[in-house]
file final.pdb (PDB, C-alpha atoms and all ligand atoms)
ATOM      1  CA  MET A   1      64.946  71.490  92.845
ATOM      2  CA  THR A   2      67.775  73.807  91.781
ATOM      3  CA  GLN A   3      71.197  72.154  91.745
ATOM      4  CA  LEU A   4      73.981  74.053  93.445
ATOM      5  CA  ILE A   5      77.194  73.598  91.436
ATOM      6  CA  ASP A   6      79.792  73.196  94.143
ATOM      7  CA  GLY A   7      83.125  74.572  92.962
ATOM      8  CA  LYS A   8      84.677  74.305  96.382
ATOM      9  CA  ALA A   9      84.163  70.535  96.561
ATOM     10  CA  LEU A  10      85.405  69.899  93.012
ATOM     11  CA  ALA A  11      88.432  72.159  93.538
ATOM     12  CA  SER A  12      89.278  70.364  96.735
ATOM     13  CA  SER A  13      89.129  66.911  95.113
ATOM     14  CA  LEU A  14      91.255  68.149  92.177
ATOM     15  CA  MET A  15      93.792  69.607  94.592
ATOM     16  CA  ALA A  16      94.006  66.261  96.416
ATOM     17  CA  LYS A  17      94.758  64.503  93.112
ATOM     18  CA  LEU A  18      97.361  67.130  92.235
ATOM     19  CA  LYS A  19      98.972  66.675  95.641
ATOM     20  CA  ASN A  20      99.418  62.954  94.882
ATOM     21  CA  SER A  21     100.841  63.701  91.484
ATOM     22  CA  VAL A  22     103.283  66.264  92.935
ATOM     23  CA  ALA A  23     104.377  63.801  95.636
ATOM     24  CA  GLN A  24     105.372  61.339  92.899
ATOM     25  CA  GLN A  25     107.559  63.879  91.115
ATOM     26  CA  GLN A  26     111.314  63.410  91.248
ATOM     27  CA  ARG A  27     111.863  67.151  91.455
ATOM     28  CA  GLN A  28     110.310  70.097  93.247
ATOM     29  CA  ILE A  29     107.781  72.090  91.174
ATOM     30  CA  THR A  30     108.131  75.850  91.644
ATOM     31  CA  LEU A  31     105.760  78.725  90.899
ATOM     32  CA  ALA A  32     107.097  82.300  90.859
ATOM     33  CA  VAL A  33     104.488  84.980  91.544
ATOM     34  CA  VAL A  34     105.500  88.525  90.649
ATOM     35  CA  GLN A  35     103.681  91.352  92.429
ATOM     36  CA  VAL A  36     104.226  94.975  91.447
ATOM     37  CA  GLY A  37     103.146  97.506  94.089
ATOM     38  CA  ASP A  38     100.770  96.922  96.968
ATOM     39  CA  ASP A  39      97.266  96.689  95.547
ATOM     40  CA  PRO A  40      95.305  95.189  98.488
ATOM     41  CA  ALA A  41      93.132  92.913  96.318
ATOM     42  CA  SER A  42      96.247  91.568  94.562
ATOM     43  CA  THR A  43      97.850  90.909  97.937
ATOM     44  CA  VAL A  44      94.844  88.770  98.955
ATOM     45  CA  TYR A  45      94.795  86.868  95.630
ATOM     46  CA  ILE A  46      98.534  86.186  95.884
ATOM     47  CA  ARG A  47      98.206  84.973  99.476
ATOM     48  CA  ASN A  48      95.513  82.513  98.336
ATOM     49  CA  LYS A  49      97.749  81.271  95.524
ATOM     50  CA  HIS A  50     100.641  80.684  97.944
ATOM     51  CA  LYS A  51      98.277  78.800 100.288
ATOM     52  CA  ALA A  52      97.095  76.606  97.411
ATOM     53  CA  CYS A  53     100.716  75.853  96.462
ATOM     54  CA  GLU A  54     101.409  74.829 100.032
ATOM     55  CA  LYS A  55      98.388  72.490  99.980
ATOM     56  CA  VAL A  56      99.528  70.609  96.879
ATOM     57  CA  GLY A  57     103.256  70.661  97.673
ATOM     58  CA  ILE A  58     104.385  73.235  95.104
ATOM     59  CA  ARG A  59     107.149  75.626  96.164
ATOM     60  CA  SER A  60     106.031  79.232  95.668
ATOM     61  CA  LEU A  61     108.296  82.245  95.346
ATOM     62  CA  HIS A  62     106.957  85.736  95.928
ATOM     63  CA  ILE A  63     108.844  88.385  93.990
ATOM     64  CA  HIS A  64     107.545  91.685  95.304
ATOM     65  CA  LEU A  65     108.630  94.737  93.303
ATOM     66  CA  GLU A  66     108.124  98.430  94.022
ATOM     67  CA  GLY A  67     105.048 100.026  92.428
ATOM     68  CA  ASP A  68     107.221 102.584  90.604
ATOM     69  CA  ILE A  69     109.463  99.980  88.940
ATOM     70  CA  THR A  70     110.244 100.653  85.261
ATOM     71  CA  SER A  71     108.930  98.387  82.518
ATOM     72  CA  GLY A  72     112.525  97.515  81.689
ATOM     73  CA  SER A  73     113.285  96.232  85.198
ATOM     74  CA  LEU A  74     110.047  94.235  85.296
ATOM     75  CA  LEU A  75     110.863  92.665  81.928
ATOM     76  CA  ASP A  76     114.378  91.854  83.204
ATOM     77  CA  THR A  77     112.805  90.062  86.189
ATOM     78  CA  VAL A  78     110.584  88.025  83.858
ATOM     79  CA  HIS A  79     113.533  87.130  81.602
ATOM     80  CA  THR A  80     115.548  85.990  84.615
ATOM     81  CA  LEU A  81     112.656  83.765  85.761
ATOM     82  CA  ASN A  82     112.328  82.391  82.208
ATOM     83  CA  SER A  83     115.942  81.272  82.296
ATOM     84  CA  ARG A  84     115.859  79.746  85.800
ATOM     85  CA  GLU A  85     115.702  75.964  85.533
ATOM     86  CA  ASP A  86     114.264  75.680  89.035
ATOM     87  CA  VAL A  87     111.200  77.801  88.080
ATOM     88  CA  ASP A  88     108.391  75.914  86.311
ATOM     89  CA  GLY A  89     105.596  78.480  86.352
ATOM     90  CA  ILE A  90     105.559  82.296  86.214
ATOM     91  CA  LEU A  91     102.574  84.447  87.094
ATOM     92  CA  VAL A  92     102.621  88.235  86.989
ATOM     93  CA  GLN A  93      99.700  89.396  89.116
ATOM     94  CA  LEU A  94      97.416  91.795  87.233
ATOM     95  CA  PRO A  95      96.520  94.617  87.152
ATOM     96  CA  LEU A  96      99.921  96.262  86.765
ATOM     97  CA  PRO A  97     100.390  99.939  87.672
ATOM     98  CA  SER A  98      99.452 102.388  84.922
ATOM     99  CA  GLY A  99     102.363 103.110  82.644
ATOM    100  CA  ILE A 100     103.352  99.458  82.345
ATOM    101  CA  ASP A 101     102.161  97.678  79.218
ATOM    102  CA  GLU A 102     100.536  94.475  80.503
ATOM    103  CA  GLY A 103     100.550  92.922  77.034
ATOM    104  CA  GLU A 104     104.298  93.416  76.703
ATOM    105  CA  VAL A 105     104.880  91.793  80.100
ATOM    106  CA  ILE A 106     102.627  88.811  79.280
ATOM    107  CA  ARG A 107     104.379  88.354  75.941
ATOM    108  CA  ALA A 108     107.754  88.315  77.732
ATOM    109  CA  ILE A 109     106.822  85.205  79.769
ATOM    110  CA  ASP A 110     108.076  81.911  78.332
ATOM    111  CA  PRO A 111     104.832  80.297  76.996
ATOM    112  CA  ALA A 112     105.889  76.970  78.571
ATOM    113  CA  LYS A 113     105.895  78.679  82.004
ATOM    114  CA  ASP A 114     102.778  80.819  81.394
ATOM    115  CA  VAL A 115     100.579  79.190  84.041
ATOM    116  CA  ASP A 116      97.910  81.912  83.705
ATOM    117  CA  GLY A 117      97.483  80.850  80.066
ATOM    118  CA  PHE A 118      97.437  84.487  78.877
ATOM    119  CA  HIS A 119     100.374  84.406  76.427
ATOM    120  CA  PRO A 120      99.301  84.861  72.782
ATOM    121  CA  ILE A 121     100.986  81.535  71.932
ATOM    122  CA  ASN A 122      98.802  79.693  74.461
ATOM    123  CA  ILE A 123      95.700  81.634  73.428
ATOM    124  CA  GLY A 124      96.457  80.811  69.763
ATOM    125  CA  ARG A 125      96.928  77.136  70.552
ATOM    126  CA  MET A 126      93.674  77.150  72.508
ATOM    127  CA  MET A 127      91.893  78.638  69.460
ATOM    128  CA  LEU A 128      93.315  75.829  67.326
ATOM    129  CA  GLY A 129      92.258  73.215  69.878
ATOM    130  CA  GLU A 130      95.916  72.275  70.478
ATOM    131  CA  ASP A 131      97.483  71.155  73.729
ATOM    132  CA  CYS A 132      98.425  74.255  75.779
ATOM    133  CA  LEU A 133      98.241  75.918  79.173
ATOM    134  CA  LEU A 134      94.604  77.089  79.288
ATOM    135  CA  PRO A 135      93.459  80.274  81.078
ATOM    136  CA  CYS A 136      92.433  79.169  84.573
ATOM    137  CA  THR A 137      88.938  80.630  85.048
ATOM    138  CA  PRO A 138      87.582  79.438  81.656
ATOM    139  CA  ALA A 139      89.162  75.988  82.136
ATOM    140  CA  GLY A 140      87.620  75.848  85.621
ATOM    141  CA  ILE A 141      84.175  76.679  84.225
ATOM    142  CA  ILE A 142      84.342  73.862  81.668
ATOM    143  CA  ALA A 143      85.545  71.431  84.354
ATOM    144  CA  LEU A 144      82.630  72.470  86.600
ATOM    145  CA  LEU A 145      80.081  71.920  83.828
ATOM    146  CA  LYS A 146      81.504  68.542  82.840
ATOM    147  CA  SER A 147      81.848  67.216  86.359
ATOM    148  CA  ASN A 148      78.255  68.209  87.120
ATOM    149  CA  GLY A 149      76.989  66.254  84.142
ATOM    150  CA  VAL A 150      76.082  69.312  82.056
ATOM    151  CA  ASP A 151      76.227  68.317  78.386
ATOM    152  CA  ILE A 152      77.456  71.292  76.330
ATOM    153  CA  ASN A 153      77.078  69.559  72.951
ATOM    154  CA  GLY A 154      74.455  71.380  70.853
ATOM    155  CA  LYS A 155      73.336  73.631  73.708
ATOM    156  CA  GLU A 156      72.622  77.358  73.419
ATOM    157  CA  CYS A 157      75.444  78.982  75.383
ATOM    158  CA  VAL A 158      75.425  82.714  76.120
ATOM    159  CA  VAL A 159      78.514  84.376  77.571
ATOM    160  CA  VAL A 160      78.079  87.889  78.950
ATOM    161  CA  GLY A 161      81.496  89.583  78.836
ATOM    162  CA  ARG A 162      84.307  89.527  76.270
ATOM    163  CA  SER A 163      87.460  90.104  78.307
ATOM    164  CA  ASN A 164      90.644  88.394  77.166
ATOM    165  CA  ILE A 165      90.969  86.503  80.435
ATOM    166  CA  VAL A 166      87.409  85.201  80.920
ATOM    167  CA  GLY A 167      84.736  86.034  78.335
ATOM    168  CA  LYS A 168      86.572  85.341  75.078
ATOM    169  CA  PRO A 169      88.353  82.144  76.158
ATOM    170  CA  VAL A 170      85.304  80.626  77.869
ATOM    171  CA  ALA A 171      83.246  81.248  74.717
ATOM    172  CA  GLN A 172      85.982  79.512  72.704
ATOM    173  CA  LEU A 173      86.073  76.492  75.040
ATOM    174  CA  LEU A 174      82.264  76.194  74.934
ATOM    175  CA  LEU A 175      82.464  76.276  71.129
ATOM    176  CA  GLN A 176      85.098  73.530  71.162
ATOM    177  CA  ALA A 177      82.744  71.483  73.333
ATOM    178  CA  HIS A 178      80.171  71.869  70.510
ATOM    179  CA  GLY A 179      77.993  74.518  72.163
ATOM    180  CA  THR A 180      76.199  77.098  70.000
ATOM    181  CA  VAL A 181      77.764  80.226  71.442
ATOM    182  CA  THR A 182      76.576  83.826  71.597
ATOM    183  CA  GLN A 183      78.948  86.389  73.088
ATOM    184  CA  CYS A 184      77.472  89.518  74.663
ATOM    185  CA  HIS A 185      79.087  92.758  75.829
ATOM    186  CA  SER A 186      78.240  96.319  76.760
ATOM    187  CA  ARG A 187      76.972  97.134  73.233
ATOM    188  CA  THR A 188      74.672  94.103  72.996
ATOM    189  CA  ARG A 189      71.083  95.100  72.365
ATOM    190  CA  ASN A 190      68.257  93.444  74.299
ATOM    191  CA  LEU A 191      70.701  91.683  76.617
ATOM    192  CA  ALA A 192      68.002  90.085  78.768
ATOM    193  CA  GLU A 193      66.265  88.664  75.706
ATOM    194  CA  VAL A 194      69.512  87.180  74.359
ATOM    195  CA  CYS A 195      70.337  85.688  77.765
ATOM    196  CA  ARG A 196      66.897  84.083  78.005
ATOM    197  CA  ARG A 197      67.829  81.907  75.009
ATOM    198  CA  ALA A 198      70.604  80.291  77.010
ATOM    199  CA  ASP A 199      70.634  76.681  78.133
ATOM    200  CA  ILE A 200      74.010  77.577  79.644
ATOM    201  CA  LEU A 201      74.544  81.195  80.738
ATOM    202  CA  VAL A 202      77.984  82.435  81.807
ATOM    203  CA  ALA A 203      78.042  85.829  83.521
ATOM    204  CA  ALA A 204      81.491  87.451  83.408
ATOM    205  CA  VAL A 205      80.388  91.046  83.327
ATOM    206  CA  GLY A 206      81.827  92.665  86.433
ATOM    207  CA  VAL A 207      78.519  94.315  87.465
ATOM    208  CA  PRO A 208      77.028  93.140  90.784
ATOM    209  CA  ARG A 209      73.725  91.239  90.396
ATOM    210  CA  LEU A 210      73.129  92.455  86.820
ATOM    211  CA  ILE A 211      71.695  89.093  85.748
ATOM    212  CA  ASN A 212      68.291  88.726  87.380
ATOM    213  CA  ALA A 213      65.077  86.759  86.830
ATOM    214  CA  ASP A 214      64.443  88.602  83.519
ATOM    215  CA  PHE A 215      67.654  87.149  82.055
ATOM    216  CA  VAL A 216      67.154  83.431  82.623
ATOM    217  CA  LYS A 217      64.933  80.765  81.184
ATOM    218  CA  PRO A 218      63.495  78.021  83.361
ATOM    219  CA  GLY A 219      65.955  75.175  83.838
ATOM    220  CA  ALA A 220      69.032  77.055  82.561
ATOM    221  CA  VAL A 221      72.491  76.324  83.948
ATOM    222  CA  VAL A 222      74.018  79.545  85.264
ATOM    223  CA  ILE A 223      77.724  80.074  85.884
ATOM    224  CA  ASP A 224      78.464  83.223  87.870
ATOM    225  CA  VAL A 225      82.058  84.374  87.411
ATOM    226  CA  GLY A 226      81.694  87.750  89.108
ATOM    227  CA  ILE A 227      82.845  88.402  92.607
ATOM    228  CA  HIS A 228      82.144  91.671  94.402
ATOM    229  CA  ARG A 229      82.588  92.742  97.998
ATOM    230  CA  MET A 230      79.613  94.916  98.902
ATOM    231  CA  ALA A 231      79.447  97.842 101.349
ATOM    232  CA  ASP A 232      78.055  95.530 104.072
ATOM    233  CA  ASN A 233      81.143  93.286 103.570
ATOM    234  CA  THR A 234      79.141  90.458 101.984
ATOM    235  CA  LEU A 235      80.197  88.889  98.673
ATOM    236  CA  CYS A 236      77.967  88.660  95.623
ATOM    237  CA  GLY A 237      78.324  87.760  91.979
ATOM    238  CA  ASP A 238      77.235  89.163  88.627
ATOM    239  CA  VAL A 239      74.021  87.157  89.073
ATOM    240  CA  ASP A 240      71.234  88.108  91.463
ATOM    241  CA  PHE A 241      71.214  84.678  93.094
ATOM    242  CA  ASP A 242      67.999  85.095  95.103
ATOM    243  CA  SER A 243      66.084  86.383  92.105
ATOM    244  CA  VAL A 244      67.031  83.468  89.784
ATOM    245  CA  LYS A 245      67.494  80.531  92.142
ATOM    246  CA  ASP A 246      63.939  79.179  91.843
ATOM    247  CA  ILE A 247      63.871  79.507  88.049
ATOM    248  CA  VAL A 248      67.171  77.991  86.939
ATOM    249  CA  GLY A 249      68.112  74.301  86.895
ATOM    250  CA  ALA A 250      71.609  74.729  88.301
ATOM    251  CA  ILE A 251      73.782  77.611  89.482
ATOM    252  CA  THR A 252      77.210  78.293  90.964
ATOM    253  CA  PRO A 253      77.214  80.071  94.319
ATOM    254  CA  VAL A 254      79.393  83.111  95.112
ATOM    255  CA  PRO A 255      81.590  82.432  96.962
ATOM    256  CA  GLY A 256      82.291  78.720  96.462
ATOM    257  CA  GLY A 257      81.658  78.393  92.723
ATOM    258  CA  VAL A 258      84.068  79.545  90.042
ATOM    259  CA  GLY A 259      86.618  81.160  92.400
ATOM    260  CA  PRO A 260      88.044  77.954  93.958
ATOM    261  CA  MET A 261      88.167  76.337  90.505
ATOM    262  CA  THR A 262      90.332  79.168  89.169
ATOM    263  CA  ILE A 263      92.944  78.411  91.833
ATOM    264  CA  ALA A 264      92.712  74.634  91.288
ATOM    265  CA  MET A 265      93.277  75.134  87.544
ATOM    266  CA  LEU A 266      96.278  77.326  88.307
ATOM    267  CA  MET A 267      97.736  74.491  90.374
ATOM    268  CA  GLN A 268      96.969  72.084  87.536
ATOM    269  CA  ASN A 269      98.818  74.339  85.092
ATOM    270  CA  CYS A 270     101.821  74.487  87.459
ATOM    271  CA  VAL A 271     101.925  70.694  87.615
ATOM    272  CA  ARG A 272     101.618  70.479  83.812
ATOM    273  CA  ALA A 273     104.383  73.060  83.343
ATOM    274  CA  GLY A 274     106.485  71.068  85.832
ATOM    275  CA  HIS A 275     105.869  67.813  83.934
ATOM    276  CA  CYS A 276     107.033  69.478  80.745
ATOM    277  CA  GLY A 277     110.392  69.644  82.531
ATOM    278  CA  ASN A 278     111.417  73.254  82.133
TER     279      ASN A 278
HETATM  280  P1  LIG B   1      86.174  92.962  82.531
HETATM  281  O1  LIG B   1      85.771  94.204  83.226
HETATM  282  O2  LIG B   1      87.516  92.883  81.891
HETATM  283  O3  LIG B   1      85.091  92.638  81.386
HETATM  284  C1  LIG B   1      83.726  92.810  81.609
HETATM  285  C2  LIG B   1      82.979  92.506  80.338
HETATM  286  O4  LIG B   1      81.589  92.691  80.593
HETATM  287  C3  LIG B   1      83.344  93.409  79.167
HETATM  288  O5  LIG B   1      83.432  92.648  77.985
HETATM  289  C4  LIG B   1      82.169  94.396  79.082
HETATM  290  O6  LIG B   1      81.832  94.793  77.776
HETATM  291  C5  LIG B   1      81.040  93.565  79.627
HETATM  292  N1  LIG B   1      80.032  94.421  80.270
HETATM  293  C6  LIG B   1      80.218  95.335  81.234
HETATM  294  N2  LIG B   1      79.038  95.910  81.589
HETATM  295  C7  LIG B   1      78.095  95.325  80.813
HETATM  296  C8  LIG B   1      76.688  95.471  80.711
HETATM  297  N3  LIG B   1      76.010  96.327  81.474
HETATM  298  N4  LIG B   1      76.039  94.698  79.805
HETATM  299  C9  LIG B   1      76.711  93.803  79.034
HETATM  300  N5  LIG B   1      78.048  93.615  79.103
HETATM  301  C10 LIG B   1      78.725  94.373  79.981
HETATM  302  O7  LIG B   1      85.959  91.794  83.561
HETATM  303  P2  LIG B   1      86.600  90.311  83.674
HETATM  304  O8  LIG B   1      86.219  89.497  82.504
HETATM  305  O9  LIG B   1      88.022  90.405  84.046
HETATM  306  O10 LIG B   1      85.821  89.793  84.959
HETATM  307  C11 LIG B   1      84.421  89.667  85.000
HETATM  308  C12 LIG B   1      83.983  89.390  86.420
HETATM  309  O11 LIG B   1      84.543  88.158  86.838
HETATM  310  C13 LIG B   1      84.429  90.416  87.444
HETATM  311  O12 LIG B   1      83.420  90.527  88.412
HETATM  312  C14 LIG B   1      85.674  89.796  88.053
HETATM  313  O13 LIG B   1      85.896  90.230  89.381
HETATM  314  C15 LIG B   1      85.311  88.351  88.026
HETATM  315  N6  LIG B   1      86.434  87.424  87.954
HETATM  316  C16 LIG B   1      86.373  86.343  88.778
HETATM  317  C17 LIG B   1      87.333  85.370  88.722
HETATM  318  C18 LIG B   1      87.186  84.181  89.597
HETATM  319  O14 LIG B   1      88.122  83.408  89.704
HETATM  320  N7  LIG B   1      86.024  83.987  90.204
HETATM  321  C19 LIG B   1      88.493  85.484  87.827
HETATM  322  C20 LIG B   1      88.431  86.634  86.954
HETATM  323  C21 LIG B   1      87.427  87.567  87.035
HETATM  324  P3  LIG B   1      82.801  95.678  76.825
HETATM  325  O15 LIG B   1      83.864  94.734  76.351
HETATM  326  O16 LIG B   1      81.908  96.146  75.755
HETATM  327  O17 LIG B   1      83.350  96.771  77.699
END

call {"tool": "encode", "arguments": {"input": "final.pdb", "output": "structure tokens"}}
result
Amino acid sequence: MTQLIDGKALASSLMAKLKNSVAQQQRQITLAVVQVGDDPASTVYIRNKHKACEKVGIRSLHIHLEGDITSGSLLDTVHTLNSREDVDGILVQLPLPSGIDEGEVIRAIDPAKDVDGFHPINIGRMMLGEDCLLPCTPAGIIALLKSNGVDINGKECVVVGRSNIVGKPVAQLLLQAHGTVTQCHSRTRNLAEVCRRADILVAAVGVPRLINADFVKPGAVVIDVGIHRMADNTLCGDVDFDSVKDIVGAITPVPGGVGPMTIAMLMQNCVRAGHCGN
């Protein structure tokens, strides 16, 4: 029987714990979310982040800037938020409009307030296995595996995708958990064959239903990071769920798998940043 890895349930129990922890705080924890322009997908993601903050008792500020803002003004906004003692976490919603250097903006965020975990200082600390604010989606994936009793130690782990926000950091965290990690990308030869080696397969590829029955070995644990809204308005992942579901041992659904965990980990990072007493 294939196990469904329920990210929604785990996220909800983590959020309940965070709510308790926030309630015991002497001071209000505050997250500032910076939106540049009106990208509809970003608007939805930001709304969900504000809702999550409300659930756990974190104050959320929405700083909405015009799409044609200059890099200089955006950096000024970030610097102001860095210096505000009442702001614990800062998140600049990506993608930014073309013409703005995302890397420069991420580097401008105080690493102690970098609740997305994208700042090079946090990424560097993660690489060294030091205490830091971890990127939310990769941290959520590891939490999902651990809480579902999946032992990573010594397992063949294949990550499809090498983005800075998902693929690379999740591969690093799997390595730290003593997995034997292979990282795939668009130049990987014989992708299906490589994926079939995986005891744990993470699909963070951004192509709807790319990973099908040819890519999985019987009993594998499959983590589907992708999320795509199709023409018929349904959601699907990077994995062809119906094609693999009777082969694999465990799999995350889309929706209800990795997505809710990303938000829960963001809330966890806000609480951690708040505890650090910025
Ligand atoms: P990116 O587009 O930044 O990266 C995709 C990666 O997949 C790249 O490394 C690319 O390789 C690789 N790739 C693309 N096509 C192929 C292919 N045909 N074969 C092998 N590798 C391929 O995506 P993200 O990492 O940002 O996101 C991945 C997915 O996860 C997306 O669907 C996104 O929507 C979703 N996502 C979901 C989140 C959640 O909370 N559920 C959070 C973040 C993302 P190369 O480097 O060579 O170009």

call {"tool": "residues_near_point", "arguments": {"input": "final.pdb", "point": "(90.6, 84.3, 96.5)", "cutoff": "8 Å", "atoms": "all atoms listed in the file", "output": "NGL selection string"}}
result
:A and (44-45 or 48-49 or 259-260 or 263)

call {"tool": "atom_distance", "arguments": {"input": "final.pdb", "atom1": "CA of Ile5 (chain A)", "atom2": "CA of Met261 (chain A)"}}
result
11.3 Å

call {"tool": "closest_residue", "arguments": {"input": "final.pdb", "among": "A:Gly179, A:Gly219, A:Gly206, A:Pro135", "to": "Met265 (chain A)", "atoms": "all atoms listed in the file"}}
result
A:Pro135

call {"tool": "residues_around", "arguments": {"input": "final.pdb", "residues": "Glu156 (chain A)", "least_positions_apart": "5", "cutoff": "8 Å", "atoms": "all atoms listed in the file", "output": "list in words"}}
result
Gly179, Thr180, Val181, Thr182, Arg197, Ala198, Asp199 and Ile200 of chain A

call {"tool": "closest_residue", "arguments": {"input": "final.pdb", "among": "A:Ile223, A:Leu210, A:Leu96, A:Ala52", "to": "Gly67 (chain A)", "atoms": "all atoms listed in the file"}}
result
A:Leu96

call {"tool": "closest_residue", "arguments": {"input": "final.pdb", "among": "A:Thr80, A:Thr30, A:Thr2, A:Ser71", "to": "Glu102 (chain A)", "atoms": "all atoms listed in the file"}}
result
A:Ser71

call {"tool": "closest_residue", "arguments": {"input": "final.pdb", "among": "A:Ile63, A:Cys195, A:Leu145, A:Leu18", "to": "ligand LIG 1 (chain B)", "atoms": "all atoms listed in the file"}}
result
A:Cys195

call {"tool": "closest_atom_pairs", "arguments": {"input": "final.pdb", "of": "chain A", "to": "ligand LIG 1 (chain B)", "cutoff": "7 Å", "atoms": "all atoms listed in the file", "output": "Markdown table"}}
result
| residue | atom | partner | partner_atom | distance |
| --- | --- | --- | --- | --- |
| A:Thr137 | CA | B:LIG1 | O14 | 5.5 |
| A:Val160 | CA | B:LIG1 | N5 | 5.7 |
| A:Gly161 | CA | B:LIG1 | O4 | 3.6 |
| A:Arg162 | CA | B:LIG1 | O5 | 3.7 |
| A:Ser163 | CA | B:LIG1 | O8 | 4.4 |
| A:Ile165 | CA | B:LIG1 | O8 | 6.0 |
| A:Val166 | CA | B:LIG1 | O8 | 4.7 |
| A:Gly167 | CA | B:LIG1 | O8 | 5.6 |
| A:Cys184 | CA | B:LIG1 | N5 | 6.1 |
| A:His185 | CA | B:LIG1 | N5 | 3.5 |
| A:Ser186 | CA | B:LIG1 | N5 | 3.6 |
| A:Arg187 | CA | B:LIG1 | O16 | 5.6 |
| A:Thr188 | CA | B:LIG1 | C9 | 6.4 |
| A:Leu191 | CA | B:LIG1 | C9 | 6.8 |
| A:Ala204 | CA | B:LIG1 | C11 | 4.0 |
| A:Val205 | CA | B:LIG1 | O4 | 3.4 |
| A:Gly206 | CA | B:LIG1 | O12 | 3.3 |
| A:Val207 | CA | B:LIG1 | N2 | 6.1 |
| A:Val225 | CA | B:LIG1 | O11 | 4.6 |
| A:Gly226 | CA | B:LIG1 | O12 | 3.3 |
| A:Ile227 | CA | B:LIG1 | O12 | 4.7 |
| A:His228 | CA | B:LIG1 | O12 | 6.2 |
| A:Gly237 | CA | B:LIG1 | O12 | 6.8 |
| A:Asp238 | CA | B:LIG1 | O12 | 6.3 |
| A:Val258 | CA | B:LIG1 | N7 | 4.9 |
| A:Gly259 | CA | B:LIG1 | N7 | 3.6 |
| A:Pro260 | CA | B:LIG1 | O14 | 6.9 |
| A:Thr262 | CA | B:LIG1 | O14 | 4.8 |

call {"tool": "axis_aligned_box", "arguments": {"input": "final.pdb", "around": "region 12-29 of chain A", "padding_each_side": "3 Å", "output": "AutoDock Vina command-line options"}}
result
--center_x 100.5 --center_y 66.7 --center_z 93.9 --size_x 28.7 --size_y 16.8 --size_z 11.6

call {"tool": "residues_around", "arguments": {"input": "final.pdb", "residues": "Met15 (chain A)", "least_positions_apart": "6", "cutoff": "8 Å", "atoms": "only C-alpha atoms", "output": "list in words"}}
result
Lys55, Val56, Ala264 and Met267 of chain A

call {"tool": "resolve_selection", "arguments": {"input": "final.pdb", "expression": "the PyMOL selection byres (((chain A and resi 106) around 10) and not hetatm)", "output": "short mmCIF file (atom, residue, chain, number, x, y, z; two decimals) with C-alpha atoms, keeping the file's coordinate frame"}}
result
data_model
loop_
_atom_site.label_atom_id
_atom_site.label_comp_id
_atom_site.auth_asym_id
_atom_site.auth_seq_id
_atom_site.Cartn_x
_atom_site.Cartn_y
_atom_site.Cartn_z
CA LEU A 75 110.86 92.66 81.93
CA VAL A 78 110.58 88.02 83.86
CA ILE A 90 105.56 82.30 86.21
CA LEU A 91 102.57 84.45 87.09
CA VAL A 92 102.62 88.24 86.99
CA LEU A 94 97.42 91.80 87.23
CA ASP A 101 102.16 97.68 79.22
CA GLU A 102 100.54 94.48 80.50
CA GLY A 103 100.55 92.92 77.03
CA GLU A 104 104.30 93.42 76.70
CA VAL A 105 104.88 91.79 80.10
CA ARG A 107 104.38 88.35 75.94
CA ALA A 108 107.75 88.32 77.73
CA ILE A 109 106.82 85.20 79.77
CA ASP A 110 108.08 81.91 78.33
CA PRO A 111 104.83 80.30 77.00
CA ASP A 114 102.78 80.82 81.39
CA ASP A 116 97.91 81.91 83.70
CA GLY A 117 97.48 80.85 80.07
CA PHE A 118 97.44 84.49 78.88
CA HIS A 119 100.37 84.41 76.43
CA PRO A 120 99.30 84.86 72.78
#

call {"tool": "residues_around", "arguments": {"input": "final.pdb", "residues": "Leu133 (chain A)", "least_positions_apart": "3", "cutoff": "10 Å", "atoms": "all atoms listed in the file", "output": "NGL selection string"}}
result
:A and (111-119 or 121-123 or 125-126 or 130 or 136 or 139 or 265-266 or 268-270 or 272-273)

call {"tool": "residues_near_point", "arguments": {"input": "final.pdb", "point": "(72.4, 77.3, 90.4)", "cutoff": "6 Å", "atoms": "all atoms listed in the file", "output": "list in words"}}
result
Thr2, Gln3, Leu4, Val222, Ala250, Ile251 and Thr252 of chain A

call {"tool": "atom_distance", "arguments": {"input": "final.pdb", "atom1": "CA of Ser60 (chain A)", "atom2": "CA of Asn82 (chain A)"}}
result
15.2 Å

call {"tool": "closest_residue", "arguments": {"input": "final.pdb", "among": "A:Pro97, A:Gly149, A:Pro138, A:Pro255", "to": "Asn164 (chain A)", "atoms": "only C-alpha atoms"}}
result
A:Pro138

call {"tool": "closest_residue", "arguments": {"input": "final.pdb", "among": "A:Gln28, A:Val221, A:Met230, A:Asn20", "to": "Val150 (chain A)", "atoms": "only C-alpha atoms"}}
result
A:Val221

call {"tool": "atom_distance", "arguments": {"input": "final.pdb", "atom1": "CA of Ala41 (chain A)", "atom2": "CA of Asn212 (chain A)"}}
result
26.7 Å

call {"tool": "resolve_selection", "arguments": {"input": "final.pdb", "expression": "the PyMOL selection byres (((chain A and resi 246) around 10) and not hetatm)", "output": "mmCIF file with C-alpha atoms, in the coordinates of the input"}}
result
data_model
loop_
_atom_site.group_PDB
_atom_site.id
_atom_site.type_symbol
_atom_site.label_atom_id
_atom_site.label_comp_id
_atom_site.auth_asym_id
_atom_site.auth_seq_id
_atom_site.Cartn_x
_atom_site.Cartn_y
_atom_site.Cartn_z
ATOM 1 C CA MET A 1 64.946 71.490 92.845
ATOM 2 C CA THR A 2 67.775 73.807 91.781
ATOM 3 C CA ALA A 213 65.077 86.759 86.830
ATOM 4 C CA PRO A 218 63.495 78.021 83.361
ATOM 5 C CA GLY A 219 65.955 75.175 83.838
ATOM 6 C CA PHE A 241 71.214 84.678 93.094
ATOM 7 C CA ASP A 242 67.999 85.095 95.103
ATOM 8 C CA SER A 243 66.084 86.383 92.105
ATOM 9 C CA VAL A 244 67.031 83.468 89.784
ATOM 10 C CA LYS A 245 67.494 80.531 92.142
ATOM 11 C CA ILE A 247 63.871 79.507 88.049
ATOM 12 C CA VAL A 248 67.171 77.991 86.939
ATOM 13 C CA GLY A 249 68.112 74.301 86.895
ATOM 14 C CA ALA A 250 71.609 74.729 88.301
#
